[in-house]
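Printed here is my_file_31.cif (mmCIF, C-alpha atoms):
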data_entry
#
loop_
_atom_site.label_atom_id
_atom_site.label_comp_id
_atom_site.auth_asym_id
_atom_site.auth_seq_id
_atom_site.Cartn_x
_atom_site.Cartn_y
_atom_site.Cartn_z
CA MET B 641 63.37 -57.13 -130.77
CA ARG B 642 60.87 -57.05 -133.56
CA ALA B 643 59.28 -60.16 -135.10
CA LEU B 644 58.83 -60.26 -138.82
CA ALA B 645 56.36 -62.51 -140.72
CA GLN B 646 55.91 -63.19 -144.45
CA PHE B 647 52.63 -64.37 -146.00
CA THR B 648 52.30 -66.01 -149.41
CA ILE B 649 48.93 -66.31 -151.13
CA THR B 650 48.71 -69.22 -153.56
CA ALA B 651 45.86 -70.02 -155.96
CA ASP B 652 45.30 -73.72 -155.51
CA TYR B 653 42.85 -73.81 -158.39
CA ASP B 654 45.62 -73.27 -160.93
CA VAL B 655 45.92 -75.84 -163.70
CA ILE B 656 49.20 -77.75 -163.41
CA SER B 657 51.00 -78.83 -166.56
CA SER B 658 53.61 -81.55 -166.07
CA GLU B 659 54.68 -84.98 -167.22
CA THR B 660 53.87 -86.50 -163.80
CA ALA B 661 50.76 -86.13 -161.66
CA PRO B 662 50.78 -83.45 -158.92
CA GLU B 663 51.32 -84.62 -155.34
CA ASP B 664 48.55 -84.26 -152.76
CA PRO B 665 45.82 -83.34 -155.27
CA TYR B 666 42.48 -82.01 -154.16
CA THR B 667 39.11 -82.98 -155.59
CA GLY B 668 38.42 -81.06 -158.79
CA GLN B 669 42.06 -80.19 -159.42
CA LEU B 670 43.03 -80.04 -163.07
CA TRP B 671 46.26 -81.47 -164.45
CA VAL B 672 47.46 -81.26 -168.06
CA ASP B 673 49.48 -84.39 -168.78
CA ILE B 674 52.05 -83.17 -171.31
CA SER B 675 53.60 -86.62 -171.58
CA ALA B 676 50.66 -87.57 -173.82
CA THR B 677 50.38 -86.55 -177.50
CA PRO B 678 48.42 -84.41 -177.77
CA PRO B 679 48.52 -83.24 -174.11
CA GLU B 680 45.51 -84.57 -172.14
CA THR B 681 43.56 -82.66 -169.48
CA LYS B 682 42.62 -84.70 -166.40
CA VAL B 683 40.76 -83.97 -163.14
CA TRP B 684 41.21 -85.53 -159.69
CA ASN B 685 37.88 -87.02 -158.57
CA GLY B 686 39.15 -87.90 -155.10
CA VAL B 687 40.31 -91.36 -156.16
CA ALA B 688 41.95 -91.12 -159.57
CA TRP B 689 42.80 -88.78 -162.42
CA ILE B 690 39.90 -88.82 -164.89
CA PRO B 691 40.31 -87.56 -168.52
CA GLN B 692 38.00 -84.69 -169.36
CA ASN B 693 35.98 -85.66 -172.46
CA ASP B 694 32.45 -84.38 -171.93
CA LEU B 695 30.79 -81.05 -171.31
CA GLU B 696 29.19 -82.09 -168.02
CA GLU B 697 32.55 -82.82 -166.44
CA LEU B 698 33.90 -79.53 -167.75
CA ARG B 699 30.93 -77.68 -166.33
CA ARG B 700 31.41 -79.33 -162.92
CA THR B 701 35.08 -78.39 -163.04
CA VAL B 702 34.22 -74.80 -163.92
CA GLU B 703 31.76 -74.73 -161.00
CA THR B 704 34.50 -75.99 -158.67
CA HIS B 705 36.84 -73.31 -159.92
CA THR B 706 34.13 -70.69 -159.54
CA THR B 707 33.67 -71.69 -155.90
CA LYS B 708 37.38 -71.44 -155.22
CA MET B 709 37.48 -68.09 -156.98
CA SER B 710 34.73 -66.87 -154.66
CA GLU B 711 36.81 -67.92 -151.67
CA LEU B 712 39.82 -66.15 -153.11
CA GLU B 713 37.77 -63.04 -153.73
CA LYS B 714 37.06 -62.83 -150.00
CA THR B 715 40.79 -62.68 -149.37
CA ALA B 716 41.77 -60.45 -152.31
CA ASP B 717 39.65 -57.31 -152.30
CA GLY B 718 38.48 -56.05 -155.66
CA ILE B 719 39.53 -59.09 -157.67
CA ASN B 720 36.01 -60.56 -157.59
CA SER B 721 34.46 -57.59 -159.39
CA TYR B 722 37.18 -57.43 -162.03
CA VAL B 723 37.28 -61.15 -162.66
CA GLY B 724 33.46 -61.37 -162.78
CA THR B 725 33.28 -58.56 -165.34
CA LEU B 726 36.11 -60.06 -167.36
CA THR B 727 34.45 -63.52 -167.30
CA GLU B 728 31.15 -62.12 -168.57
CA THR B 729 32.94 -60.23 -171.33
CA VAL B 730 34.91 -63.29 -172.46
CA GLU B 731 31.81 -65.49 -172.41
CA THR B 732 29.87 -62.92 -174.43
CA ILE B 733 32.65 -62.61 -176.98
CA SER B 734 33.06 -66.39 -177.18
CA GLY B 735 29.35 -66.90 -177.71
CA GLY B 736 29.27 -64.19 -180.35
CA LEU B 737 32.27 -65.60 -182.14
CA ALA B 738 30.77 -69.10 -182.15
CA GLU B 739 27.54 -67.81 -183.68
CA GLU B 740 29.39 -65.75 -186.27
CA GLN B 741 31.57 -68.73 -187.11
CA GLU B 742 28.49 -70.86 -187.73
CA ARG B 743 27.04 -68.15 -189.96
CA VAL B 744 30.29 -67.83 -191.92
CA LEU B 745 30.50 -71.61 -192.40
CA GLU B 746 26.88 -71.73 -193.54
CA ALA B 747 27.49 -68.86 -195.97
CA GLU B 748 30.61 -70.55 -197.31
CA SER B 749 28.64 -73.76 -197.85
CA GLN B 750 25.89 -71.91 -199.73
CA ILE B 751 28.47 -70.06 -201.86
CA SER B 752 30.18 -73.37 -202.65
CA GLN B 753 26.86 -74.94 -203.68
CA LEU B 754 26.04 -71.87 -205.79
CA GLN B 755 29.43 -72.05 -207.49
CA GLN B 756 28.92 -75.74 -208.23
CA THR B 757 25.45 -75.01 -209.62
CA VAL B 758 26.73 -72.15 -211.78
CA GLY B 759 29.59 -74.36 -212.96
CA GLY B 760 27.15 -77.10 -213.87
CA LEU B 761 24.91 -74.65 -215.71
CA THR B 762 27.89 -73.25 -217.59
CA LEU B 763 29.03 -76.72 -218.61
CA GLN B 764 25.50 -77.68 -219.63
CA MET B 765 25.13 -74.53 -221.73
CA GLU B 766 28.49 -75.14 -223.40
CA GLU B 767 27.56 -78.76 -224.13
CA GLN B 768 24.19 -77.72 -225.54
CA TYR B 769 25.57 -75.06 -227.87
CA ILE B 770 28.89 -76.63 -228.85
CA GLY B 771 28.57 -79.47 -231.32
CA GLY B 772 25.38 -81.40 -231.92
CA MET B 773 26.13 -81.95 -235.62
CA ASN B 774 26.35 -85.59 -236.64
CA TYR B 775 29.54 -86.23 -238.62
CA VAL B 776 28.45 -89.74 -239.70
CA GLN B 777 26.89 -89.90 -243.18
CA ASN B 778 23.87 -92.19 -243.72
CA SER B 779 24.21 -93.10 -240.05
CA ALA B 780 21.33 -95.59 -239.84
CA GLY B 781 21.06 -97.02 -243.36
CA LEU B 782 18.04 -94.91 -244.27
CA ASN B 783 19.52 -94.50 -247.75
CA GLY B 784 20.54 -98.14 -248.05
CA ILE B 785 24.18 -99.22 -248.21
CA THR B 786 25.81 -96.18 -249.79
CA ASP B 787 29.46 -95.62 -250.65
CA ASP B 788 29.80 -93.59 -247.45
CA TRP B 789 30.49 -96.96 -245.88
CA THR B 790 33.10 -99.60 -246.59
CA TYR B 791 32.04 -103.14 -245.82
CA VAL B 792 32.93 -106.79 -246.34
CA GLY B 793 30.56 -109.71 -245.91
CA PRO B 794 26.76 -109.67 -245.67
CA VAL B 795 25.62 -106.21 -244.61
CA THR B 796 21.98 -105.20 -245.09
CA VAL B 797 19.54 -102.64 -243.75
CA ASP B 798 16.42 -103.33 -241.70
CA SER B 799 13.31 -101.26 -240.95
CA SER B 800 11.16 -103.92 -239.30
CA THR B 801 8.67 -103.18 -236.53
CA ASP B 802 11.21 -104.18 -233.90
CA THR B 803 13.73 -101.72 -235.31
CA LYS B 804 11.18 -98.92 -235.58
CA ASN B 805 10.03 -99.51 -231.99
CA ASN B 806 13.58 -99.39 -230.59
CA THR B 807 15.51 -96.78 -232.58
CA SER B 808 15.19 -93.09 -233.30
CA ALA B 809 16.05 -93.52 -236.97
CA ASP B 810 13.51 -96.34 -237.60
CA SER B 811 16.26 -98.09 -239.57
CA CYS B 812 19.49 -99.98 -238.90
CA PHE B 813 22.42 -101.84 -240.42
CA VAL B 814 22.53 -105.61 -239.96
CA LEU B 815 25.93 -107.31 -240.00
CA GLY B 816 25.98 -111.00 -240.85
CA ALA B 817 28.66 -113.61 -240.18
CA TYR B 818 32.28 -112.49 -240.57
CA SER B 819 31.38 -109.01 -241.74
CA TYR B 820 32.65 -105.57 -240.92
CA LEU B 821 31.42 -102.07 -241.63
CA TYR B 822 33.30 -98.81 -241.20
CA GLN B 823 33.26 -95.16 -242.22
CA THR B 824 36.18 -92.73 -242.31
CA ILE B 825 35.22 -89.23 -241.21
CA THR B 826 37.26 -86.13 -242.03
CA GLY B 827 36.93 -82.52 -240.94
CA ILE B 828 37.54 -83.21 -237.24
CA VAL B 829 39.04 -80.26 -235.34
CA PRO B 830 42.10 -81.32 -233.30
CA GLY B 831 42.17 -80.27 -229.66
CA ARG B 832 38.46 -80.73 -229.09
CA SER B 833 36.46 -83.53 -227.45
CA TYR B 834 34.12 -85.76 -229.45
CA THR B 835 31.50 -88.31 -228.43
CA VAL B 836 30.60 -91.45 -230.37
CA SER B 837 27.28 -93.11 -229.54
CA ILE B 838 25.25 -95.95 -231.04
CA ARG B 839 22.23 -98.10 -230.34
CA ALA B 840 22.83 -101.80 -230.94
CA LYS B 841 21.40 -105.29 -230.58
CA LYS B 842 23.32 -108.57 -230.74
CA THR B 843 21.65 -111.95 -231.30
CA SER B 844 24.67 -114.27 -231.63
CA SER B 845 26.91 -115.71 -228.93
CA TYR B 846 30.11 -115.04 -230.86
CA SER B 847 32.32 -111.98 -230.58
CA ALA B 848 31.30 -108.59 -231.96
CA TYR B 849 32.59 -105.12 -231.31
CA PHE B 850 32.30 -101.46 -232.18
CA PHE B 851 35.14 -99.00 -231.70
CA VAL B 852 36.34 -95.58 -232.79
CA ARG B 853 39.85 -95.26 -234.26
CA TYR B 854 41.57 -91.88 -233.89
CA ASN B 855 45.04 -90.29 -233.79
CA GLY B 856 46.31 -92.85 -236.26
CA ASN B 857 45.89 -96.28 -234.67
CA LYS B 858 44.51 -95.35 -231.24
CA GLN B 859 41.24 -97.16 -230.45
CA LYS B 860 38.42 -96.76 -227.95
CA TYR B 861 35.76 -99.49 -227.75
CA LEU B 862 32.09 -98.82 -227.18
CA PHE B 863 31.56 -102.56 -226.66
CA SER B 864 33.39 -105.82 -227.31
CA GLN B 865 31.64 -108.96 -226.12
CA SER B 866 30.43 -112.42 -227.02
CA THR B 867 27.17 -112.54 -225.08
CA THR B 868 23.89 -111.53 -226.67
CA PHE B 869 22.07 -108.36 -225.65
CA GLY B 870 18.90 -106.51 -226.56
CA TRP B 871 18.70 -102.97 -227.87
CA SER B 872 21.16 -100.98 -225.74
CA ASP B 873 22.93 -97.61 -225.85
CA PHE B 874 26.72 -97.37 -225.94
CA SER B 875 28.98 -94.31 -226.03
CA ALA B 876 32.59 -93.24 -225.64
CA VAL B 877 34.27 -89.83 -225.31
CA VAL B 878 37.45 -89.08 -227.23
CA SER B 879 39.07 -86.13 -225.47
CA ASP B 880 42.63 -86.09 -226.85
CA VAL B 881 42.05 -85.74 -230.60
CA THR B 882 45.14 -84.61 -232.50
CA ASP B 883 44.28 -85.86 -236.00
CA PRO B 884 41.48 -84.50 -238.26
CA THR B 885 40.38 -88.03 -239.23
CA ILE B 886 38.23 -90.41 -237.16
CA GLN B 887 36.96 -93.85 -238.14
CA VAL B 888 33.95 -95.72 -236.70
CA TYR B 889 34.32 -99.47 -237.08
CA ALA B 890 32.02 -102.46 -236.46
CA TYR B 891 32.64 -106.19 -236.72
CA SER B 892 30.51 -109.30 -236.22
CA ARG B 893 31.85 -112.84 -236.22
CA GLU B 894 28.39 -114.37 -236.47
CA ALA B 895 24.95 -113.10 -237.48
CA SER B 896 23.45 -110.84 -236.45
CA LEU B 897 24.66 -107.46 -235.15
CA TYR B 898 22.16 -104.59 -235.47
CA LEU B 899 23.53 -101.02 -235.49
CA SER B 900 21.50 -97.82 -235.54
CA ASP B 901 21.48 -94.18 -234.40
CA ILE B 902 25.23 -93.89 -234.99
CA MET B 903 26.43 -90.45 -233.86
CA LEU B 904 29.76 -88.62 -233.83
CA THR B 905 29.34 -85.17 -232.33
CA GLU B 906 31.52 -82.51 -230.80
CA GLY B 907 31.39 -82.32 -226.99
CA SER B 908 31.58 -84.78 -224.13
CA ILE B 909 27.95 -85.91 -223.74
CA PRO B 910 25.91 -88.32 -225.91
CA ARG B 911 23.14 -86.67 -227.90
CA LYS B 912 19.84 -87.76 -229.36
CA TRP B 913 20.29 -89.11 -232.87
CA THR B 914 19.93 -86.79 -235.82
CA PRO B 915 21.00 -87.34 -239.44
CA ALA B 916 24.03 -85.55 -240.81
CA PRO B 917 23.57 -82.01 -242.18
CA ASN B 918 21.81 -81.83 -245.56
CA GLU B 919 20.24 -85.26 -244.96
CA ILE B 920 16.45 -85.57 -244.97
CA TYR B 921 14.88 -89.00 -244.86
CA THR B 922 11.15 -89.72 -245.06
CA SER B 923 9.22 -92.70 -246.38
CA GLU B 924 9.05 -91.17 -249.89
CA VAL B 925 11.79 -88.52 -250.03
CA LYS B 926 15.53 -88.90 -249.47
CA ILE B 927 17.90 -85.96 -249.61
CA ASP B 928 21.61 -86.14 -248.89
CA ARG B 929 24.91 -84.82 -250.23
CA ARG B 930 24.43 -86.85 -253.45
CA GLY B 931 21.09 -85.32 -254.43
CA ILE B 932 17.35 -85.98 -254.23
CA GLN B 933 15.37 -89.17 -254.61
CA ILE B 934 11.58 -89.11 -254.69
CA SER B 935 9.72 -92.41 -254.78
CA ASN B 936 6.18 -93.73 -254.83
CA SER B 937 5.92 -97.23 -253.42
CA ALA B 938 2.33 -97.61 -254.63
CA SER B 939 3.26 -97.10 -258.30
CA SER B 940 6.87 -98.37 -258.10
CA GLN B 941 8.08 -95.07 -259.56
CA ARG B 942 11.21 -93.22 -258.56
CA THR B 943 12.84 -89.98 -259.70
CA VAL B 944 16.51 -89.39 -259.01
CA ILE B 945 18.31 -86.04 -259.31
CA THR B 946 22.04 -86.06 -258.58
CA ASN B 947 25.19 -84.49 -260.02
CA THR B 948 25.53 -87.53 -262.31
CA GLN B 949 21.96 -88.24 -263.41
CA PHE B 950 18.44 -86.91 -263.86
CA ALA B 951 16.33 -90.00 -264.42
CA GLY B 952 12.99 -91.64 -263.87
CA TYR B 953 12.62 -95.27 -262.88
CA TYR B 954 9.83 -97.81 -262.90
CA ASN B 955 10.50 -101.07 -261.04
CA ASN B 956 14.21 -100.12 -261.04
CA GLU B 957 14.21 -99.80 -264.86
CA VAL B 958 15.27 -96.45 -266.37
CA ILE B 959 12.31 -94.95 -268.26
CA PHE B 960 13.79 -91.56 -269.09
CA THR B 961 17.10 -89.87 -268.55
CA LEU B 962 18.80 -86.59 -269.39
CA ASN B 963 22.10 -87.10 -271.22
CA LYS B 964 23.92 -83.84 -271.90
CA ASP B 965 21.84 -82.04 -274.58
CA GLU B 966 19.35 -84.83 -275.22
CA THR B 967 16.59 -86.60 -273.38
CA ARG B 968 16.29 -90.34 -273.76
CA THR B 969 13.00 -92.06 -273.09
CA LYS B 970 11.70 -95.58 -273.45
CA LYS B 971 8.07 -94.64 -273.99
CA THR B 972 6.43 -91.28 -274.72
CA VAL B 973 2.76 -90.36 -274.73
CA VAL B 974 1.74 -86.99 -276.25
CA ASP B 975 -1.77 -85.81 -275.54
CA GLY B 976 -2.20 -83.12 -278.21
CA GLU B 977 0.09 -81.67 -280.84
CA LEU B 978 3.76 -82.58 -281.21
CA THR B 979 6.24 -80.32 -282.96
CA VAL B 980 9.63 -81.68 -283.97
CA GLY B 981 11.73 -79.08 -285.74
CA LYS B 982 9.80 -77.88 -288.79
CA ILE B 983 7.23 -80.67 -288.62
CA LYS B 984 4.04 -80.64 -286.57
CA PHE B 985 2.02 -83.74 -285.85
CA VAL B 986 -1.66 -83.01 -285.26
CA PRO B 987 -4.07 -85.81 -284.27
CA MET B 988 -7.48 -85.92 -285.94
CA PRO B 989 -10.66 -85.66 -283.83
CA THR B 990 -10.96 -89.43 -283.79
CA ALA B 991 -8.22 -92.02 -283.78
CA SER B 992 -9.66 -93.69 -286.86
CA GLN B 993 -9.12 -90.51 -288.89
CA GLY B 994 -5.40 -90.72 -288.34
CA LEU B 995 -2.83 -87.96 -288.00
CA ASN B 996 -2.15 -84.77 -289.93
CA ILE B 997 1.48 -83.97 -290.63
CA VAL B 998 2.08 -80.27 -291.20
CA ILE B 999 5.34 -78.88 -292.57
CA LEU B 1000 6.03 -75.50 -291.04
CA ASP B 1001 7.53 -72.60 -293.01
#
Transcribe the structure of this file into structure tokens.
Amino acid sequence: MRALAQFTITADYDVISSETAPEDPYTGQLWVDISATPPETKVWNGVAWIPQNDLEELRRTVETHTTKMSELEKTADGINSYVGTLTETVETISGGLAEEQERVLEAESQISQLQQTVGGLTLQMEEQYIGGMNYVQNSAGLNGITDDWTYVGPVTVDSSTDTKNNTSADSCFVLGAYSYLYQTITGIVPGRSYTVSIRAKKTSSYSAYFFVRYNGNKQKYLFSQSTTFGWSDFSAVVSDVTDPTIQVYAYSREASLYLSDIMLTEGSIPRKWTPAPNEIYTSEVKIDRRGIQISNSASSQRTVITNTQFAGYYNNEVIFTLNKDETRTKKTVVDGELTVGKIKFVPMPTASQGLNIVILD
């Protein structure tokens, strides 16, 4: 009679996945508790199942498994060499992949930063080259209170030292009690963004505001407050323009509201104040869409050339003017001969000798 025997080799280092803990665990045994969400890996430390959360515990577990694998290798010929080679290969690949992953992530980050920088540069270039023209006429009162503006109540202009020290234009409008000032601007291109900016100072404790009206009756306020404030910058972007007309509007319930450096430009960033196109303002010369005005404060003289007049003033009194085909003058001094039609007036060498009147052929 022959005796037969059957041997079964089990790997007791296998990781067990179950909803309940394995029976008769050994120290270092791993168990994946699939009853948890997400599943949690635990190790038997000889007393209790401990969650695996740090590298040191994982390393100790790997060492335990390595020891058991060595014991198994003694029983299973040839497995040790294969498993050892396979382990080295996997570790090498894992290390290489981790390094490459870090490099890829770093490259992606740099590319993202570069794209953001390029985007910012593109936006900046667009903002610098699109717009910049001031649509507001006589935007700081440098030409006085012209008919570019509609106003009610006491509205004046100021160019005091305080104004010059705090504004780019060196001039400003001053709104008194219960006064408003507004300008209607045409030529706006629908579908584009526009920025309104001003520099203002408020000395009263009553309400005052400045807003832009667009798309009919839509309004956007740059400020609306009762408290006083020193020279400050305010701006607002209008990005949904559908109407070619925009109005800038200011109101003051009590004196005084100072307004200067008023700008309406295309784009979405506030810009440094500049006068409207064809406007040149200096202390003695003013040029705008109406014409040219040249003055001399020392002699109180002023010459005005517009499409309605060519005149000279002295202390605001008209001294000469061109009226169609004739020149009208209040006083005329001729130093030398004067010819009027067929008559020539020739002064004698001395005033006492009088004047010769010569009739020309």
Non-local contacts of Asp883 of chain B (8 Å; only C-alpha atoms; under 4 positions in same chain excluded) as a ChimeraX atom specification: /B:828-830,854-856
d(atom CA of Thr967 of chain B, atom CA of Gln949 of chain B) in Å: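 For atom CA of Thr967 of chain B relative to atom CA of Gln949 of chain B, the distance reads 11.4 Å.
Near (19.2, -101.5, -246.0), the residues inside the 8 Å limit, counting all atoms listed in the file, come to Gly781, Leu782, Asn783, Gly784, Ile785, Thr796, Val797, Asp798, Ser799, Ser811, Cys812 and Phe813 of chain B.
The smallest atom-to-atom distance between Glu919 of chain B and any of B:Thr843, B:Ser866, B:Asn806, B:Asn774, using all atoms listed in the file, is found for B:Asn774.
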Two-atom distance - atom CA of Val672 of chain B, atom CA of Val655 of chain B (Å): 7.1 Å
B:Lys841, B:Ala848, B:Leu821, B:Ser900 ranked by distance to Trp913 of chain B, top pick (using only C-alpha atoms):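 With only C-alpha atoms as the atom set, the closest residue is B:Ser900.
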Counting all atoms listed in the file, the residue of B:Tyr849, B:Tyr954, B:Tyr921, B:Phe960 that sits nearest Ala780 of chain B: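 Among the listed residues, B:Tyr921 lies closest to Ala780 of chain B.
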Evaluate the PyMOL selection byres ((chain B and resi 834) around 12) and report residues as a compact mmCIF listing (two decimals) with C-alpha atoms, in the coordinates of the input:
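Resulting contents of result-v9.txt:
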# COMPACT_ATOMS: atom_id res chain seq x y z
CA GLU B 767 27.56 -78.76 -224.13
CA ILE B 770 28.89 -76.63 -228.85
CA GLY B 771 28.57 -79.47 -231.32
CA GLY B 772 25.38 -81.40 -231.92
CA MET B 773 26.13 -81.95 -235.62
CA ASN B 774 26.35 -85.59 -236.64
CA TYR B 775 29.54 -86.23 -238.62
CA ILE B 828 37.54 -83.21 -237.24
CA VAL B 829 39.04 -80.26 -235.34
CA PRO B 830 42.10 -81.32 -233.30
CA GLY B 831 42.17 -80.27 -229.66
CA ARG B 832 38.46 -80.73 -229.09
CA SER B 833 36.46 -83.53 -227.45
CA THR B 835 31.50 -88.31 -228.43
CA VAL B 836 30.60 -91.45 -230.37
CA SER B 837 27.28 -93.11 -229.54
CA VAL B 852 36.34 -95.58 -232.79
CA TYR B 854 41.57 -91.88 -233.89
CA LYS B 860 38.42 -96.76 -227.95
CA SER B 875 28.98 -94.31 -226.03
CA ALA B 876 32.59 -93.24 -225.64
CA VAL B 877 34.27 -89.83 -225.31
CA VAL B 878 37.45 -89.08 -227.23
CA SER B 879 39.07 -86.13 -225.47
CA ASP B 880 42.63 -86.09 -226.85
CA VAL B 881 42.05 -85.74 -230.60
CA THR B 882 45.14 -84.61 -232.50
CA PRO B 884 41.48 -84.50 -238.26
CA THR B 885 40.38 -88.03 -239.23
CA ILE B 886 38.23 -90.41 -237.16
CA MET B 903 26.43 -90.45 -233.86
CA LEU B 904 29.76 -88.62 -233.83
CA THR B 905 29.34 -85.17 -232.33
CA GLU B 906 31.52 -82.51 -230.80
CA GLY B 907 31.39 -82.32 -226.99
CA SER B 908 31.58 -84.78 -224.13
CA ILE B 909 27.95 -85.91 -223.74
CA PRO B 910 25.91 -88.32 -225.91
CA ARG B 911 23.14 -86.67 -227.90
Shortest interatomic distance to Ile945 of chain B - which of B:Ser872, B:Thr704, B:Thr961, B:Thr826, counting only C-alpha atoms: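 Residue with the minimum atom-to-atom distance to Ile945 of chain B: B:Thr961.
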8 Å contact set for Pro915 of chain B, all atoms listed in the file, chain neighbours under 5 positions out, as JSON, numbers by chain: {"B": [774, 776, 777, 778, 779, 920]}
Nearest residue to Leu815 of chain B from the set B:Gln993, B:Thr914, B:Thr786, B:Ser896 (distances using all atoms listed in the file):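 Checking each of B:Gln993, B:Thr914, B:Thr786, B:Ser896 against Leu815 of chain B, counting all atoms listed in the file, the winner is B:Ser896.
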Contact residues around Lys984 of chain B with all atoms listed in the file at 10 Å, ignoring same-chain residues under 4 positions, as a ChimeraX atom specification: /B:977-980,996-1000
Answer key for the PyMOL selection byres ((chain B and resi 930) around 9), residues as number ranges by chain: B: 927-929, 931-932, 945-948
Å distance separating atom CA of Arg942 of chain B from atom CA of Val973 of chain B, one decimal place: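 Answer for the atom CA of Arg942 of chain B to atom CA of Val973 of chain B separation: 18.5 Å.
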Missing atoms in segment 863-880 of chain B: fill them in up to N, CA and C atoms and send the result as a compact mmCIF listing (two decimals), in the coordinates of the input.
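File selection.txt, as written:
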# COMPACT_ATOMS: atom_id res chain seq x y z
N PHE B 863 31.83 -101.25 -227.24
CA PHE B 863 31.56 -102.56 -226.66
C PHE B 863 32.40 -103.59 -227.40
N SER B 864 32.69 -104.68 -226.73
CA SER B 864 33.39 -105.82 -227.31
C SER B 864 33.04 -107.02 -226.45
N GLN B 865 32.12 -107.86 -226.93
CA GLN B 865 31.64 -108.96 -226.12
C GLN B 865 31.07 -110.08 -226.98
N SER B 866 30.95 -111.24 -226.34
CA SER B 866 30.43 -112.42 -227.02
C SER B 866 28.97 -112.69 -226.68
N THR B 867 28.54 -112.26 -225.51
CA THR B 867 27.17 -112.54 -225.08
C THR B 867 26.16 -111.73 -225.89
N THR B 868 24.96 -112.25 -225.96
CA THR B 868 23.89 -111.53 -226.67
C THR B 868 23.35 -110.42 -225.77
N PHE B 869 22.73 -109.42 -226.41
CA PHE B 869 22.07 -108.36 -225.65
C PHE B 869 20.99 -107.74 -226.52
N GLY B 870 19.97 -107.20 -225.86
CA GLY B 870 18.90 -106.51 -226.56
C GLY B 870 19.31 -105.10 -226.92
N TRP B 871 18.38 -104.35 -227.47
CA TRP B 871 18.70 -102.97 -227.87
C TRP B 871 19.26 -102.21 -226.68
N SER B 872 20.47 -101.68 -226.82
CA SER B 872 21.16 -100.98 -225.74
C SER B 872 21.93 -99.80 -226.31
N ASP B 873 22.17 -98.80 -225.45
CA ASP B 873 22.93 -97.61 -225.85
C ASP B 873 24.38 -97.75 -225.39
N PHE B 874 25.30 -97.35 -226.26
CA PHE B 874 26.72 -97.37 -225.94
C PHE B 874 27.32 -96.03 -226.39
N SER B 875 28.32 -95.56 -225.65
CA SER B 875 28.98 -94.31 -226.03
C SER B 875 30.39 -94.29 -225.49
N ALA B 876 31.21 -93.43 -226.08
CA ALA B 876 32.59 -93.24 -225.64
C ALA B 876 33.00 -91.82 -225.98
N VAL B 877 33.79 -91.20 -225.10
CA VAL B 877 34.27 -89.83 -225.31
C VAL B 877 35.73 -89.88 -225.70
N VAL B 878 36.07 -89.20 -226.77
CA VAL B 878 37.45 -89.08 -227.23
C VAL B 878 37.89 -87.64 -226.94
N SER B 879 38.74 -87.48 -225.94
CA SER B 879 39.07 -86.13 -225.47
C SER B 879 40.45 -85.65 -225.87
N ASP B 880 41.25 -86.48 -226.51
CA ASP B 880 42.63 -86.09 -226.85
C ASP B 880 42.87 -86.20 -228.35
